[in-house]
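Structure below is my_file37.pdb: PDB, C-alpha atoms.
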```pdb
ATOM      1  CA  MET E 891      10.227 -42.541  74.498
ATOM      2  CA  ARG E 892       7.260 -42.046  76.788
ATOM      3  CA  GLU E 893       9.523 -41.693  79.830
ATOM      4  CA  GLU E 894      11.677 -39.135  78.044
ATOM      5  CA  LEU E 895       8.531 -37.143  77.378
ATOM      6  CA  VAL E 896       7.585 -37.110  81.038
ATOM      7  CA  ARG E 897      10.917 -35.521  81.869
ATOM      8  CA  ASP E 898      10.757 -33.324  78.761
ATOM      9  CA  PRO E 899      14.381 -32.122  79.214
ATOM     10  CA  GLY E 900      14.175 -29.555  76.413
ATOM     11  CA  MET E 901      10.883 -28.130  77.761
ATOM     12  CA  GLN E 902       9.443 -28.810  74.310
ATOM     13  CA  GLN E 903       5.807 -28.644  75.370
ATOM     14  CA  GLU E 904       6.357 -25.488  77.361
ATOM     15  CA  ARG E 905       8.199 -23.715  74.560
ATOM     16  CA  THR E 906       5.666 -24.761  71.977
ATOM     17  CA  THR E 907       2.705 -23.654  74.115
ATOM     18  CA  LEU E 908       4.337 -20.285  74.696
ATOM     19  CA  ALA E 909       5.055 -19.943  70.970
ATOM     20  CA  TRP E 910       1.380 -20.620  70.198
ATOM     21  CA  ARG E 911       0.264 -18.142  72.818
ATOM     22  CA  ARG E 912       2.452 -15.269  71.700
ATOM     23  CA  THR E 913       1.522 -15.933  68.089
ATOM     24  CA  GLY E 914      -2.188 -15.917  69.027
ATOM     25  CA  LEU E 915      -1.814 -12.663  70.943
ATOM     26  CA  ALA E 916       0.148 -11.134  68.046
ATOM     27  CA  LEU E 917      -2.625 -12.199  65.664
ATOM     28  CA  LEU E 918      -5.219 -10.566  67.925
ATOM     29  CA  VAL E 919      -3.287  -7.303  68.131
ATOM     30  CA  GLY E 920      -2.519  -7.428  64.396
ATOM     31  CA  SER E 921      -6.172  -8.021  63.488
ATOM     32  CA  LEU E 922      -7.410  -5.080  65.538
ATOM     33  CA  THR E 923      -4.593  -2.761  64.422
ATOM     34  CA  ILE E 924      -4.948  -3.515  60.718
ATOM     35  CA  GLY E 925      -8.742  -3.348  61.055
ATOM     36  CA  ARG E 926      -8.515   0.098  62.636
ATOM     37  CA  LEU E 927      -5.974   1.438  60.122
ATOM     38  CA  THR E 928      -7.774   0.112  57.032
ATOM     39  CA  LEU E 929     -11.086   1.509  58.323
ATOM     40  CA  ASP E 930     -10.015   4.955  57.072
ATOM     41  CA  SER E 931      -9.292   3.878  53.510
ATOM     42  CA  LEU E 932     -11.746   1.008  53.012
ATOM     43  CA  GLY E 933     -14.670   2.128  55.184
ATOM     44  CA  PRO E 934     -17.043   0.077  57.354
ATOM     45  CA  ALA E 935     -16.684  -2.940  55.019
ATOM     46  CA  VAL E 936     -13.635  -3.982  57.109
ATOM     47  CA  LEU E 937     -15.613  -4.341  60.349
ATOM     48  CA  ALA E 938     -16.996  -7.847  59.743
ATOM     49  CA  PRO E 939     -13.666  -9.350  58.474
ATOM     50  CA  THR E 940     -11.859  -7.713  61.405
ATOM     51  CA  ALA E 941     -14.301  -9.232  63.895
ATOM     52  CA  LEU E 942     -13.835 -12.623  62.198
ATOM     53  CA  THR E 943     -10.009 -12.578  62.245
ATOM     54  CA  ALA E 944      -9.998 -11.265  65.843
ATOM     55  CA  ALA E 945     -12.351 -14.096  66.863
ATOM     56  CA  MET E 946     -10.081 -16.661  65.145
ATOM     57  CA  ALA E 947      -7.051 -15.190  66.923
ATOM     58  CA  LEU E 948      -8.896 -15.404  70.236
ATOM     59  CA  TYR E 949      -9.704 -19.021  69.416
ATOM     60  CA  VAL E 950      -5.997 -19.746  68.982
ATOM     61  CA  VAL E 951      -5.177 -18.135  72.364
ATOM     62  CA  LEU E 952      -7.989 -19.912  74.217
ATOM     63  CA  GLY E 953      -7.090 -23.172  72.441
ATOM     64  CA  THR E 954      -3.555 -23.045  73.851
ATOM     65  CA  LEU E 955      -4.912 -22.441  77.370
ATOM     66  CA  ARG E 956      -7.155 -25.503  77.131
ATOM     67  CA  GLN E 957      -4.502 -27.684  75.520
ATOM     68  CA  ARG E 958      -2.050 -26.680  78.211
ATOM     69  CA  ARG E 959      -4.388 -27.978  80.915
ATOM     70  CA  LEU E 960      -4.801 -31.226  78.997
ATOM     71  CA  GLY E 961      -1.034 -31.453  78.616
ATOM     72  CA  GLN E 962      -0.530 -31.034  82.354
ATOM     73  CA  ASP E 963      -3.061 -33.739  83.123
ATOM     74  CA  HIS E 964      -1.516 -36.130  80.595
ATOM     75  CA  PRO E 965       2.169 -35.195  80.385
ATOM     76  CA  GLN E 966       3.166 -38.521  78.845
ATOM     77  CA  ASP E 967       0.587 -38.485  76.065
ATOM     78  CA  PRO E 968       1.645 -36.746  72.832
ATOM     79  CA  ARG E 969      -1.977 -36.534  71.697
ATOM     80  CA  PHE E 970      -2.549 -33.867  74.317
ATOM     81  CA  SER E 971       0.276 -31.747  73.048
ATOM     82  CA  VAL E 972      -0.468 -28.186  72.045
ATOM     83  CA  LEU E 973      -1.620 -29.397  68.671
ATOM     84  CA  SER E 974      -2.956 -32.745  67.610
ATOM     85  CA  ASP E 975      -2.974 -32.068  63.885
ATOM     86  CA  GLY E 976      -2.879 -29.294  61.284
ATOM     87  CA  ARG E 977      -6.179 -27.562  61.994
ATOM     88  CA  LEU E 978      -4.892 -24.804  64.264
ATOM     89  CA  VAL E 979      -1.881 -24.351  61.968
ATOM     90  CA  ALA E 980      -4.290 -23.712  59.095
ATOM     91  CA  VAL E 981      -6.294 -21.228  61.213
ATOM     92  CA  VAL E 982      -3.150 -19.191  61.916
ATOM     93  CA  ALA E 983      -2.097 -19.202  58.253
ATOM     94  CA  ALA E 984      -5.639 -18.241  57.172
ATOM     95  CA  VAL E 985      -5.791 -15.266  59.562
ATOM     96  CA  ILE E 986      -2.469 -13.923  58.267
ATOM     97  CA  GLY E 987      -3.613 -14.481  54.681
ATOM     98  CA  ALA E 988      -6.839 -12.555  55.355
ATOM     99  CA  LEU E 989      -4.948  -9.693  57.003
ATOM    100  CA  SER E 990      -2.591  -9.592  53.974
ATOM    101  CA  VAL E 991      -5.549  -9.274  51.605
ATOM    102  CA  GLY E 992      -7.000  -6.441  53.706
ATOM    103  CA  GLU E 993      -3.705  -4.597  53.874
ATOM    104  CA  LEU E 994      -3.117  -5.065  50.128
ATOM    105  CA  ALA E 995      -6.603  -3.694  49.402
ATOM    106  CA  ALA E 996      -5.904  -0.676  51.621
ATOM    107  CA  ALA E 997      -2.591   0.015  49.839
ATOM    108  CA  VAL E 998      -4.258  -0.228  46.422
ATOM    109  CA  ALA E 999      -7.131   2.009  47.604
ATOM    110  CA  THR E1000      -4.593   4.620  48.745
ATOM    111  CA  LEU E1001      -2.835   4.350  45.391
ATOM    112  CA  LEU E1002      -6.002   5.002  43.359
TER
ATOM    113  CA  MET Q1360     -10.694 -36.642  71.062
ATOM    114  CA  ALA Q1361     -12.400 -40.038  71.024
ATOM    115  CA  LEU Q1362     -10.235 -43.009  71.894
ATOM    116  CA  ARG Q1363     -10.991 -46.622  71.135
ATOM    117  CA  ASP Q1364     -10.127 -49.378  73.609
ATOM    118  CA  ASP Q1365      -6.909 -50.137  71.742
ATOM    119  CA  GLY Q1366      -5.789 -46.547  72.293
ATOM    120  CA  HIS Q1367      -5.981 -45.388  68.670
ATOM    121  CA  VAL Q1368      -7.767 -42.240  67.640
ATOM    122  CA  SER Q1369     -11.218 -43.143  66.384
ATOM    123  CA  GLU Q1370     -12.434 -42.406  62.873
ATOM    124  CA  SER Q1371     -14.791 -39.723  64.210
ATOM    125  CA  ARG Q1372     -11.941 -37.258  64.491
ATOM    126  CA  ARG Q1373      -9.518 -37.974  61.699
ATOM    127  CA  ARG Q1374      -6.362 -35.944  61.881
ATOM    128  CA  TRP Q1375      -6.209 -33.303  59.214
ATOM    129  CA  PRO Q1376      -4.887 -32.770  56.558
ATOM    130  CA  ARG Q1377      -5.081 -36.244  55.133
ATOM    131  CA  GLN Q1378      -2.165 -35.597  52.717
ATOM    132  CA  VAL Q1379       0.024 -35.474  55.841
ATOM    133  CA  TYR Q1380      -1.491 -37.971  58.267
ATOM    134  CA  ASP Q1381      -2.403 -40.718  55.793
ATOM    135  CA  HIS Q1382       1.317 -41.335  55.250
ATOM    136  CA  GLY Q1383       3.967 -42.969  57.398
ATOM    137  CA  SER Q1384       3.839 -43.122  61.182
ATOM    138  CA  ASP Q1385       4.043 -40.615  64.042
ATOM    139  CA  PRO Q1386       7.584 -39.280  64.505
ATOM    140  CA  ASP Q1387       9.033 -38.452  67.913
ATOM    141  CA  PRO Q1388       6.525 -35.828  69.197
ATOM    142  CA  ARG Q1389       9.384 -33.484  69.961
ATOM    143  CA  PHE Q1390      10.133 -33.204  66.238
ATOM    144  CA  SER Q1391       6.492 -32.371  65.515
ATOM    145  CA  LEU Q1392       6.597 -29.712  68.217
ATOM    146  CA  ALA Q1393       9.772 -28.246  66.710
ATOM    147  CA  ASN Q1394       8.038 -28.176  63.322
ATOM    148  CA  GLU Q1395       5.128 -26.291  64.893
ATOM    149  CA  ARG Q1396       7.444 -23.749  66.454
ATOM    150  CA  THR Q1397       9.156 -23.179  63.106
ATOM    151  CA  PHE Q1398       5.766 -22.590  61.511
ATOM    152  CA  LEU Q1399       4.804 -20.167  64.281
ATOM    153  CA  ALA Q1400       8.081 -18.262  63.892
ATOM    154  CA  TRP Q1401       7.314 -17.777  60.189
ATOM    155  CA  ALA Q1402       3.744 -16.787  61.064
ATOM    156  CA  ARG Q1403       5.037 -14.019  63.302
ATOM    157  CA  THR Q1404       7.479 -12.975  60.562
ATOM    158  CA  GLY Q1405       4.508 -12.637  58.211
ATOM    159  CA  LEU Q1406       2.690 -10.524  60.794
ATOM    160  CA  ALA Q1407       5.759  -8.299  61.133
ATOM    161  CA  LEU Q1408       5.760  -7.751  57.353
ATOM    162  CA  LEU Q1409       2.087  -6.774  57.580
ATOM    163  CA  ALA Q1410       2.882  -4.374  60.412
ATOM    164  CA  GLY Q1411       5.452  -2.780  58.091
ATOM    165  CA  ALA Q1412       2.858  -2.568  55.320
ATOM    166  CA  ALA Q1413       0.328  -0.954  57.684
ATOM    167  CA  ALA Q1414       2.941   1.548  58.877
ATOM    168  CA  LEU Q1415       3.893   2.498  55.292
ATOM    169  CA  ASP Q1416       0.212   2.944  54.494
ATOM    170  CA  ALA Q1417      -0.498   5.105  57.542
ATOM    171  CA  LEU Q1418       2.644   7.223  58.075
ATOM    172  CA  ASP Q1419       3.579  10.392  56.249
ATOM    173  CA  LEU Q1420       7.071   9.631  54.929
ATOM    174  CA  PRO Q1421       9.380  11.676  52.677
ATOM    175  CA  LEU Q1422       8.364   9.554  49.696
ATOM    176  CA  HIS Q1423       6.109  10.052  46.717
ATOM    177  CA  HIS Q1424       2.736   8.666  47.814
ATOM    178  CA  VAL Q1425       2.665   6.275  44.836
ATOM    179  CA  VAL Q1426       6.045   4.808  45.853
ATOM    180  CA  GLN Q1427       4.875   4.538  49.456
ATOM    181  CA  SER Q1428       1.697   2.668  48.498
ATOM    182  CA  LEU Q1429       3.625   0.388  46.152
ATOM    183  CA  LEU Q1430       6.046  -0.496  48.959
ATOM    184  CA  ALA Q1431       3.109  -1.160  51.291
ATOM    185  CA  ALA Q1432       1.529  -3.416  48.663
ATOM    186  CA  LEU Q1433       4.854  -5.242  48.196
ATOM    187  CA  LEU Q1434       5.099  -5.915  51.954
ATOM    188  CA  ALA Q1435       1.464  -7.081  52.064
ATOM    189  CA  LEU Q1436       2.180  -9.504  49.189
ATOM    190  CA  ALA Q1437       5.281 -10.724  51.026
ATOM    191  CA  GLY Q1438       3.148 -11.307  54.131
ATOM    192  CA  MET Q1439       0.668 -13.305  52.067
ATOM    193  CA  LEU Q1440       3.442 -15.403  50.553
ATOM    194  CA  THR Q1441       4.948 -15.964  54.015
ATOM    195  CA  ALA Q1442       1.634 -17.250  55.426
ATOM    196  CA  GLY Q1443       1.093 -19.571  52.457
ATOM    197  CA  SER Q1444       4.602 -20.979  52.331
ATOM    198  CA  ALA Q1445       4.731 -21.360  56.137
ATOM    199  CA  TRP Q1446       1.636 -23.573  55.990
ATOM    200  CA  TRP Q1447       2.900 -25.452  52.918
ATOM    201  CA  ASN Q1448       6.293 -26.019  54.490
ATOM    202  CA  TRP Q1449       4.806 -27.175  57.807
ATOM    203  CA  ALA Q1450       2.757 -29.823  55.968
ATOM    204  CA  ARG Q1451       5.651 -31.001  53.757
ATOM    205  CA  THR Q1452       8.027 -31.191  56.731
ATOM    206  CA  GLU Q1453       5.533 -33.098  58.881
ATOM    207  CA  ARG Q1454       4.931 -35.565  56.067
ATOM    208  CA  ALA Q1455       8.643 -35.996  55.384
ATOM    209  CA  MET Q1456       9.245 -36.752  59.084
ATOM    210  CA  ARG Q1457       6.392 -39.272  59.081
ATOM    211  CA  GLU Q1458       7.933 -41.002  56.071
ATOM    212  CA  ASP Q1459      11.471 -40.709  57.445
ATOM    213  CA  ALA Q1460      12.453 -38.817  54.303
ATOM    214  CA  ALA Q1461      14.811 -35.883  53.805
ATOM    215  CA  LEU Q1462      13.360 -32.586  55.030
ATOM    216  CA  PRO Q1463      12.275 -30.146  52.284
ATOM    217  CA  GLY Q1464      13.675 -26.665  51.805
ATOM    218  CA  ASN Q1465      11.575 -23.521  51.587
ATOM    219  CA  PRO Q1466      12.373 -21.657  48.322
ATOM    220  CA  ALA Q1467       9.608 -19.020  48.776
ATOM    221  CA  MET Q1468      11.508 -17.460  51.655
ATOM    222  CA  VAL Q1469      14.162 -16.060  49.265
ATOM    223  CA  VAL Q1470      11.403 -13.972  47.659
ATOM    224  CA  VAL Q1471      10.206 -12.738  51.058
ATOM    225  CA  VAL Q1472      13.706 -11.707  52.097
ATOM    226  CA  ALA Q1473      14.249  -9.997  48.712
ATOM    227  CA  ALA Q1474      11.001  -8.022  49.120
ATOM    228  CA  ALA Q1475      11.996  -6.875  52.616
ATOM    229  CA  GLY Q1476      15.420  -5.931  51.212
ATOM    230  CA  VAL Q1477      13.912  -3.842  48.399
ATOM    231  CA  VAL Q1478      11.680  -1.943  50.851
ATOM    232  CA  GLY Q1479      14.614  -1.311  53.181
ATOM    233  CA  LEU Q1480      16.794  -0.114  50.285
ATOM    234  CA  VAL Q1481      14.171   2.345  48.979
ATOM    235  CA  LEU Q1482      13.485   3.723  52.469
ATOM    236  CA  GLY Q1483      17.230   4.053  53.096
ATOM    237  CA  ILE Q1484      17.830   5.916  49.817
ATOM    238  CA  ALA Q1485      14.864   8.220  50.549
ATOM    239  CA  SER Q1486      16.208   9.038  54.003
ATOM    240  CA  ILE Q1487      19.721   9.798  52.703
ATOM    241  CA  THR Q1488      18.391  11.894  49.815
ATOM    242  CA  ARG Q1489      16.260  13.913  52.208
ATOM    243  CA  ALA Q1490      19.151  14.412  54.621
ATOM    244  CA  LEU Q1491      21.387  15.724  51.805
ATOM    245  CA  THR Q1492      18.878  18.164  50.307
TER
END
```
As C-alpha coordinates, what does this structure read like?
Amino acid sequence: MREELVRDPGMQQERTTLAWRRTGLALLVGSLTIGRLTLDSLGPAVLAPTALTAAMALYVVLGTLRQRRLGQDHPQDPRFSVLSDGRLVAVVAAVIGALSVGELAAAVATLL
Amino acid sequence: MALRDDGHVSESRRRWPRQVYDHGSDPDPRFSLANERTFLAWARTGLALLAGAAALDALDLPLHHVVQSLLAALLALAGMLTAGSAWWNWARTERAMREDAALPGNPAMVVVVAAAGVVGLVLGIASITRALT
(Lines of atoms letter the chains of each structure in order from A and count residues from 1; the text may use other names and numbers.)
(Lines give C-alpha, C1' and ligand atoms only; values in the text may rest on other atoms or scores of the structure.)
Protein backbone atom coordinates (compact mmCIF):
# COMPACT_ATOMS: atom_id res chain seq x y z
CA MET A 1 0.00 0.00 0.00
CA ARG A 2 2.84 2.36 0.81
CA GLU A 3 4.35 1.91 -2.66
CA GLU A 4 1.00 2.61 -4.30
CA LEU A 5 0.86 5.84 -2.34
CA VAL A 6 4.24 6.94 -3.61
CA ARG A 7 3.00 6.61 -7.17
CA ASP A 8 -0.41 8.04 -6.22
CA PRO A 9 -1.92 7.17 -9.64
CA GLY A 10 -5.20 8.97 -8.97
CA MET A 11 -3.39 12.13 -7.76
CA GLN A 12 -5.41 11.79 -4.57
CA GLN A 13 -3.19 14.04 -2.47
CA GLU A 14 -3.03 16.68 -5.16
CA ARG A 15 -6.79 16.73 -5.72
CA THR A 16 -7.52 16.81 -2.02
CA THR A 17 -5.05 19.65 -1.37
CA LEU A 18 -6.57 21.66 -4.20
CA ALA A 19 -10.07 20.98 -2.87
CA TRP A 20 -9.01 22.26 0.57
CA ARG A 21 -7.42 25.33 -0.95
CA ARG A 22 -10.35 26.37 -3.09
CA THR A 23 -12.71 25.75 -0.20
CA GLY A 24 -10.51 27.90 2.08
CA LEU A 25 -10.38 30.70 -0.48
CA ALA A 26 -14.16 30.47 -0.98
CA LEU A 27 -14.63 30.69 2.79
CA LEU A 28 -12.41 33.79 2.90
CA VAL A 29 -14.31 35.50 0.09
CA GLY A 30 -17.65 34.40 1.57
CA SER A 31 -16.75 35.72 5.03
CA LEU A 32 -15.77 39.14 3.73
CA THR A 33 -18.72 39.39 1.32
CA ILE A 34 -21.34 38.37 3.87
CA GLY A 35 -19.67 40.60 6.48
CA ARG A 36 -19.84 43.58 4.14
CA LEU A 37 -23.45 42.94 3.07
CA THR A 38 -24.77 42.32 6.59
CA LEU A 39 -22.99 45.46 7.85
CA ASP A 40 -25.83 47.55 6.40
CA SER A 41 -28.63 45.71 8.18
CA LEU A 42 -26.93 44.57 11.39
CA GLY A 43 -24.45 47.40 11.99
CA PRO A 44 -20.91 47.30 13.39
CA ALA A 45 -21.76 44.24 15.53
CA VAL A 46 -20.78 42.07 12.52
CA LEU A 47 -17.19 43.34 12.40
CA ALA A 48 -15.74 41.07 15.10
CA PRO A 49 -17.47 37.84 13.86
CA THR A 50 -16.40 38.69 10.30
CA ALA A 51 -12.78 39.13 11.38
CA LEU A 52 -12.99 35.80 13.24
CA THR A 53 -14.45 33.79 10.32
CA ALA A 54 -12.01 35.44 7.87
CA ALA A 55 -9.11 34.51 10.18
CA MET A 56 -10.37 30.89 10.38
CA ALA A 57 -10.66 30.77 6.58
CA LEU A 58 -7.12 32.10 6.27
CA TYR A 59 -6.02 29.40 8.70
CA VAL A 60 -7.52 26.75 6.43
CA VAL A 61 -5.69 28.17 3.38
CA LEU A 62 -2.35 28.49 5.17
CA GLY A 63 -2.85 25.03 6.70
CA THR A 64 -3.10 23.46 3.24
CA LEU A 65 0.10 25.24 2.13
CA ARG A 66 2.01 23.86 5.12
CA GLN A 67 0.53 20.38 4.83
CA ARG A 68 1.40 20.32 1.15
CA ARG A 69 5.08 20.91 1.95
CA LEU A 70 4.96 18.14 4.54
CA GLY A 71 3.28 15.87 2.00
CA GLN A 72 6.01 16.53 -0.55
CA ASP A 73 8.72 15.76 1.97
CA HIS A 74 7.00 12.56 3.09
CA PRO A 75 5.02 11.33 0.07
CA GLN A 76 4.71 7.79 1.43
CA ASP A 77 3.39 8.77 4.85
CA PRO A 78 -0.41 9.14 5.12
CA ARG A 79 -0.03 11.08 8.37
CA PHE A 80 1.28 14.01 6.37
CA SER A 81 -1.72 14.06 4.12
CA VAL A 82 -3.71 17.26 3.86
CA LEU A 83 -5.57 16.34 7.00
CA SER A 84 -4.57 14.11 9.86
CA ASP A 85 -7.93 14.10 11.62
CA GLY A 86 -11.24 15.95 11.88
CA ARG A 87 -10.08 19.26 13.31
CA LEU A 88 -9.81 21.22 10.07
CA VAL A 89 -13.06 19.63 8.87
CA ALA A 90 -14.77 21.00 11.98
CA VAL A 91 -13.24 24.46 11.40
CA VAL A 92 -14.70 24.58 7.88
CA ALA A 93 -18.14 23.44 9.06
CA ALA A 94 -18.05 25.96 11.94
CA VAL A 95 -17.22 28.89 9.62
CA ILE A 96 -20.12 28.02 7.31
CA GLY A 97 -22.42 27.61 10.31
CA ALA A 98 -21.40 31.04 11.64
CA LEU A 99 -21.92 32.67 8.23
CA SER A 100 -25.38 31.02 8.05
CA VAL A 101 -26.33 32.49 11.43
CA GLY A 102 -25.18 35.95 10.30
CA GLU A 103 -27.06 35.74 7.03
CA LEU A 104 -30.20 34.46 8.79
CA ALA A 105 -30.01 37.35 11.27
CA ALA A 106 -29.66 39.83 8.40
CA ALA A 107 -32.70 38.35 6.60
CA VAL A 108 -34.79 38.51 9.78
CA ALA A 109 -33.60 42.08 10.45
CA THR A 110 -34.69 43.07 6.93
CA LEU A 111 -38.04 41.38 7.52
CA LEU A 112 -38.77 43.30 10.74
CA MET B 1 2.86 15.55 15.30
CA ALA B 2 4.86 13.64 17.91
CA LEU B 3 5.95 10.15 16.95
CA ARG B 4 7.07 7.44 19.31
CA ASP B 5 9.91 5.07 18.38
CA ASP B 6 7.42 2.43 17.26
CA GLY B 7 5.99 4.90 14.75
CA HIS B 8 2.60 5.40 16.40
CA VAL B 9 1.16 8.81 17.09
CA SER B 10 1.82 9.71 20.70
CA GLU B 11 -0.92 10.42 23.22
CA SER B 12 0.02 14.12 23.25
CA ARG B 13 -1.85 14.68 20.01
CA ARG B 14 -4.81 12.36 19.97
CA ARG B 15 -6.71 12.38 16.72
CA TRP B 16 -10.04 14.08 17.03
CA PRO B 17 -12.97 13.40 17.26
CA ARG B 18 -12.67 10.40 19.50
CA GLN B 19 -16.06 9.00 18.36
CA VAL B 20 -14.37 8.42 14.99
CA TYR B 21 -10.76 7.53 15.78
CA ASP B 22 -11.35 5.35 18.85
CA HIS B 23 -12.99 2.77 16.58
CA GLY B 24 -11.57 0.33 14.06
CA SER B 25 -8.33 0.86 12.18
CA ASP B 26 -7.05 3.28 9.53
CA PRO B 27 -8.58 2.56 6.11
CA ASP B 28 -6.65 3.01 2.87
CA PRO B 29 -5.68 6.73 3.06
CA ARG B 30 -7.10 7.26 -0.39
CA PHE B 31 -10.59 6.52 0.94
CA SER B 32 -10.11 9.04 3.74
CA LEU B 33 -8.99 11.62 1.19
CA ALA B 34 -12.06 10.90 -0.94
CA ASN B 35 -14.23 11.36 2.16
CA GLU B 36 -12.56 14.72 2.78
CA ARG B 37 -13.20 15.84 -0.78
CA THR B 38 -16.86 14.87 -0.48
CA PHE B 39 -17.11 16.93 2.70
CA LEU B 40 -15.42 19.89 1.00
CA ALA B 41 -17.79 19.66 -1.98
CA TRP B 42 -20.75 19.89 0.40
CA ALA B 43 -19.05 22.76 2.24
CA ARG B 44 -18.81 24.71 -1.00
CA THR B 45 -22.45 23.85 -1.76
CA GLY B 46 -23.39 25.35 1.61
CA LEU B 47 -21.40 28.48 0.78
CA ALA B 48 -23.21 28.74 -2.56
CA LEU B 49 -26.56 28.60 -0.74
CA LEU B 50 -25.35 31.42 1.52
CA ALA B 51 -24.28 33.43 -1.52
CA GLY B 52 -27.84 33.01 -2.81
CA ALA B 53 -29.22 34.14 0.55
CA ALA B 54 -26.94 37.21 0.56
CA ALA B 55 -27.97 38.07 -3.00
CA LEU B 56 -31.70 37.79 -2.15
CA ASP B 57 -31.11 40.01 0.87
CA ALA B 58 -29.19 42.66 -1.06
CA LEU B 59 -30.82 42.82 -4.52
CA ASP B 60 -33.98 44.67 -5.45
CA LEU B 61 -36.11 41.96 -7.07
CA PRO B 62 -39.70 42.07 -8.38
CA LEU B 63 -40.92 40.39 -5.20
CA HIS B 64 -42.72 41.54 -2.10
CA HIS B 65 -39.94 42.37 0.38
CA VAL B 66 -41.41 39.96 2.95
CA VAL B 67 -41.28 37.09 0.42
CA GLN B 68 -37.74 38.05 -0.53
CA SER B 69 -36.54 38.05 3.09
CA LEU B 70 -38.31 34.76 3.77
CA LEU B 71 -36.56 33.17 0.78
CA ALA B 72 -33.23 34.55 1.99
CA ALA B 73 -33.88 33.11 5.45
CA LEU B 74 -34.81 29.74 3.91
CA LEU B 75 -31.52 29.64 1.96
CA ALA B 76 -29.55 30.63 5.07
CA LEU B 77 -31.23 27.79 7.01
CA ALA B 78 -30.41 25.41 4.16
CA GLY B 79 -26.78 26.55 4.32
CA MET B 80 -26.72 25.89 8.05
CA LEU B 81 -28.20 22.43 7.59
CA THR B 82 -25.69 21.70 4.81
CA ALA B 83 -22.72 22.62 7.03
CA GLY B 84 -24.03 20.52 9.92
CA SER B 85 -24.92 17.46 7.89
CA ALA B 86 -21.66 17.66 5.90
CA TRP B 87 -19.69 17.46 9.15
CA TRP B 88 -21.96 14.74 10.57
CA ASN B 89 -21.74 12.70 7.39
CA TRP B 90 -17.95 13.06 7.17
CA ALA B 91 -17.61 11.67 10.71
CA ARG B 92 -20.08 8.80 10.18
CA THR B 93 -18.46 7.83 6.86
CA GLU B 94 -14.95 7.92 8.31
CA ARG B 95 -16.04 5.75 11.22
CA ALA B 96 -17.87 3.30 8.96
CA MET B 97 -14.73 2.93 6.81
CA ARG B 98 -12.61 2.36 9.92
CA GLU B 99 -15.00 -0.37 11.05
CA ASP B 100 -15.35 -1.80 7.54
CA ALA B 101 -19.10 -1.25 7.76
CA ALA B 102 -21.61 -0.15 5.14
CA LEU B 103 -21.37 3.55 4.31
CA PRO B 104 -24.21 5.73 5.67
CA GLY B 105 -26.56 7.80 3.54
CA ASN B 106 -27.20 11.50 4.03
CA PRO B 107 -30.97 12.11 4.47
CA ALA B 108 -30.59 15.85 5.30
CA MET B 109 -29.57 16.58 1.72
CA VAL B 110 -33.15 15.95 0.48
CA VAL B 111 -34.26 18.91 2.62
CA VAL B 112 -31.48 21.10 1.22
CA VAL B 113 -32.39 20.25 -2.37
CA ALA B 114 -36.10 20.85 -1.61
CA ALA B 115 -35.30 24.29 -0.15
CA ALA B 116 -33.25 25.26 -3.21
CA GLY B 117 -36.12 23.99 -5.39
CA VAL B 118 -38.72 26.09 -3.54
CA VAL B 119 -36.59 29.25 -3.91
CA GLY B 120 -36.05 28.57 -7.61
CA LEU B 121 -39.78 27.94 -8.15
CA VAL B 122 -40.84 31.18 -6.42
CA LEU B 123 -38.24 33.24 -8.31
CA GLY B 124 -39.30 31.61 -11.58
CA ILE B 125 -43.01 32.32 -10.98
CA ALA B 126 -42.19 35.94 -10.03
CA SER B 127 -40.18 36.44 -13.21
CA ILE B 128 -42.92 34.99 -15.44
CA THR B 129 -45.65 36.99 -13.69
CA ARG B 130 -43.66 40.18 -14.15
CA ALA B 131 -42.98 39.42 -17.81
CA LEU B 132 -46.71 38.88 -18.48
CA THR B 133 -47.97 42.01 -16.72
- Task: Work out how far apart CA of Thr943 in chain E and CA of Leu989 in chain E are and give it in Å to one decimal.
- Result: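 These two atoms are separated by 7.8 Å.
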Exercise. Would you write out, as a ChimeraX atom specification, every residue that the PyMOL selection byres ((chain E) within 7 of (chain Q)) captures in this file?
Key: /E:902,906,909-910,913,924,968,975-977,979-980,983,986-987,990,993-994,997-998,1000-1001
key: Residues returned when the PyMOL selection byres ((chain Q and resi 1461-1471) around 7) runs on this file, as a count of residues only   = 13
task: Give me the result of the PyMOL selection byres ((chain Q and resi 1482) around 12) on this file, residue by residue, as number ranges by chain.
output: Q: 1411, 1415, 1420-1423, 1426-1427, 1430-1431, 1475-1481, 1483-1489
A straight line from CA of Ala999 in chain E to CA of Leu948 in chain E spans 28.6 Å
From CA of Ala995 in chain E to CA of Asp1419 in chain Q the spacing works out at 18.7 Å
Specify the axis-aligned box that encloses all atoms of range 920-939 of chain E listed in the file after padding of 6 Å on each side, stating its centre and edge lengths in Å to one decimal as lines of an AutoDock Vina configuration file.
```
center_x = -9.8
center_y = -2.2
center_z = 59.3
size_x = 26.5
size_y = 26.3
size_z = 24.5
```
